[in-house]
Amino acid sequence: MNAPERHKAYLLEDDEARVEYAKDQKIPNAGLFTIYKEDHTIGNLVRMQLLRDSDVRFAGYKLPHPLEHRCLVKVQTTGAKPKEVFLRSISDLHSEFDYLDRYFREEVLRFKEAT
Amino acid sequence: MARNRMPKVKVNEMEEHYAQFEIHDTDCSVANALRRVMIAEVVTMAVDLVTFEENTSVLNDEIIAHRLGLIPLKYQYREGETRLRDDIRTTLSSERDIQRRFRFTRECDCDEYCQWCAVKLTLGVAFDERAKHRPEREKDLPLVVTSNDLISEDNDVRPVHFETDAEADDSVDQGITIVKLAKGQELRFTAIAKLGIGKEHSKWSPVSKCVFRPQPHVHLDDDAISKLPPALRDLIIQACPAGVLGYNDDDAPPENRKLVVKNDAAILDFVDDVKTLTQRLSPTGKSMISAFASDTNFIFDIESVGSIPVDDLVLCAIYELKRKLLDLQLAVNDLKDDDDDD
Ligand SMILES: [Zn+2]
C-alpha cells in the first residue's frame, strides 16, 4: 500500500531538474554530476566514455541506493572544465549511436535482400 | 585513445521474432546500455485497465486482468496513415514506432483516455451462447476463451499470437488462452490498452530474451592438429557438444580435413576442456587451442514477444538512448556557470 509509484523511477518530478552539478571543494578540476531518474544504462555508458578522454584523470559512477532514482557521476580532469569534458563525452556517444543506427539499418536491408 | 568509435554491425539471423547480430568495434557499456533499453525502456502497448461487466469464470477479475496485460499487442503501421506530432517525432527511429500513432496518456490532453493515447478492446463470451454453434460432440467440453476473442476497436492494434499463418494452422488453439468457461459461465469486459515501458511493468517489455556475449577469438594450432591421427581429431571434436567443433569439409579424406569452430557462440564454454585434452594428446604437452573473449565485439540474441519486429526494436532502443543523451546534453548545457568558475 505504501509502495512508491512505479513511474517515479523514470519520470522527473515537476520541479526536478535532470542534472545537478557540484564542484568538488577539495580536489582541483573535479565535480560531481547528479543525474536524476537515470540508472546504470546512462551512468556506465557515460563513465566508460569519459575514461576514453585523455583530459580525464578520474571518472566513476554509482547509484547511491536502489530506491533513490538518481545516478552520481564523478569526474576529475587534468585541467579542462569537468562540464566541458562531460558534454564532449555525451556528444561522442550520441554520434556513436547515430552511426550504429545508420549501420544497423543498412545491414538489415542488405541481409533481407540477400535472403 | 581515440574518443570516437564507429561500430559496425553484422546480421547473422533476422526474422520478425528472432535475431542474432554482432556489433563490432564498440564497448561493453554500449552493448549493455542497448540490452537494458531493449528490455526495459522501449515503448509498447499493453492492457492496463479492465472494467468487468460479467465474470462468472473460475478465475477472479484480478487474475484475468493480469493475464490480459501479458498478451502482446502489435501496432501495424499502414502507409500514409494519420500520424501524431510529426513535427517533433520526425527523428523517431522507425516508421513502425508506435509513438508515431499514440502518445502516453499522461502527455495527452484528454481526461481519461482517447483514441490518441489508448485502444479499447472488448470481449464477450458466454458458454451457453457459444454452445449453440459448437459441434454436437464438443458441446459440453470446456470453452477456451483466447486472445482471438478480443475485439480491438482500433484496426492498427491487435493481439498477436502466432508467428506465421502456418503455425496458426498447426496449432490446436485459436490464440493465447485467457480462461476456460464451463456450462453457465460468462465473461464480459472492456479493456483499455495504453503505452508504457518495461520499467513500469514487464508486460510492456517487448522481449522475451535479450542477451549479449563477447565474441570469442579462437586460435587453433592447425599444424599440430594435422599431425594427429584422425581418431584423435575426432576425439577433440567429441570433447564439445555436437556442432561446436567440426571439420571444414566432411566429405574430404580424413587427412585433408581441417578442424574448425562451427559454433562461435558456444566455444568459449568448452575451450578449457579442449585445452586439457590437446595438452594430453600432444607429444610436447602443448595445447592446440587458445580462445579469449573480445572486449570490443559482441553477439546479441534477441527474441521478441511479438509486439515489435526485432529490427524495429533495436532501432527503437537506439533512438531511446539517443533521446536520453540529448536530454542530458541539454540539461548540462543549461546548468548555471557560477559553480564552475575556477
Ligand atoms: Zn488521450
# chains A, B, ... in the order shown; residues from 1 in each chain; ligands from 1
$ interface_residues --of "chain B" --to "chain A" --cutoff "7 Å" --atoms "only C-alpha atoms" --output "PyMOL selection string"
chain B and resi 1+3-11+29-30+33+36+200+315+318+322+325+328-329+331-332+339-340
$ closest_atom_pairs --of "chain B" --to "ligand 1" --cutoff "9 Å" --atoms "only C-alpha atoms and all ligand atoms" --output "JSON lines"
{"residue": "B:Phe102", "atom": "CA", "partner": "ligand 1", "partner_atom_place_in_ligand_line": "1 (Zn)", "distance": 8.6}
{"residue": "B:Arg103", "atom": "CA", "partner": "ligand 1", "partner_atom_place_in_ligand_line": "1 (Zn)", "distance": 7.4}
{"residue": "B:Phe104", "atom": "CA", "partner": "ligand 1", "partner_atom_place_in_ligand_line": "1 (Zn)", "distance": 7.6}
{"residue": "B:Thr105", "atom": "CA", "partner": "ligand 1", "partner_atom_place_in_ligand_line": "1 (Zn)", "distance": 5.2}
{"residue": "B:Arg106", "atom": "CA", "partner": "ligand 1", "partner_atom_place_in_ligand_line": "1 (Zn)", "distance": 8.0}
{"residue": "B:Glu107", "atom": "CA", "partner": "ligand 1", "partner_atom_place_in_ligand_line": "1 (Zn)", "distance": 7.8}
{"residue": "B:Cys108", "atom": "CA", "partner": "ligand 1", "partner_atom_place_in_ligand_line": "1 (Zn)", "distance": 4.5}
{"residue": "B:Asp109", "atom": "CA", "partner": "ligand 1", "partner_atom_place_in_ligand_line": "1 (Zn)", "distance": 5.9}
{"residue": "B:Cys110", "atom": "CA", "partner": "ligand 1", "partner_atom_place_in_ligand_line": "1 (Zn)", "distance": 4.4}
{"residue": "B:Asp111", "atom": "CA", "partner": "ligand 1", "partner_atom_place_in_ligand_line": "1 (Zn)", "distance": 7.0}
{"residue": "B:Glu112", "atom": "CA", "partner": "ligand 1", "partner_atom_place_in_ligand_line": "1 (Zn)", "distance": 6.6}
{"residue": "B:Tyr113", "atom": "CA", "partner": "ligand 1", "partner_atom_place_in_ligand_line": "1 (Zn)", "distance": 4.2}
{"residue": "B:Cys114", "atom": "CA", "partner": "ligand 1", "partner_atom_place_in_ligand_line": "1 (Zn)", "distance": 3.9}
{"residue": "B:Gln115", "atom": "CA", "partner": "ligand 1", "partner_atom_place_in_ligand_line": "1 (Zn)", "distance": 6.3}
{"residue": "B:Trp116", "atom": "CA", "partner": "ligand 1", "partner_atom_place_in_ligand_line": "1 (Zn)", "distance": 5.2}
{"residue": "B:Cys117", "atom": "CA", "partner": "ligand 1", "partner_atom_place_in_ligand_line": "1 (Zn)", "distance": 4.3}
{"residue": "B:Ala118", "atom": "CA", "partner": "ligand 1", "partner_atom_place_in_ligand_line": "1 (Zn)", "distance": 6.6}
$ atom_distance --atom1 "CA of Pro206 in chain B" --atom2 "CA of Thr177 in chain B"
19.4 Å
$ residues_around --residues "Gly124 in chain B" --least-positions-apart "3" --cutoff "8 Å" --atoms "only C-alpha atoms" --output "PyMOL selection string"
chain B and resi 149+186-189
$ select_by_dssp --residues "range 10-92 of chain A" --states "strand (DSSP E or B)" --output "ChimeraX atom specification"
/A:19-23,30-36,56-62,65,68,70-77
$ atom_distance --atom1 "CA of Asp97 in chain B" --atom2 "CA of Leu123 in chain B"
26.8 Å
$ select_by_dssp --residues "chain A" --states "alpha helix (DSSP H)" --output "MDAnalysis selection string"
chainID A and resid 40:51 82:114
$ residues_around --residues "Asp48 in chain B" --least-positions-apart "4" --cutoff "8 Å" --atoms "only C-alpha atoms" --output "JSON, numbers by chain"
{"B": [69, 191, 192, 193, 194]}
$ atom_distance --atom1 "CA of Ile71 in chain B" --atom2 "CA of Leu150 in chain B"
10.5 Å
$ closest_residue --among "B:Ala182, B:Ile289, B:Ile23, B:Ala166" --to "Glu129 in chain B" --atoms "only C-alpha atoms"
B:Ala182
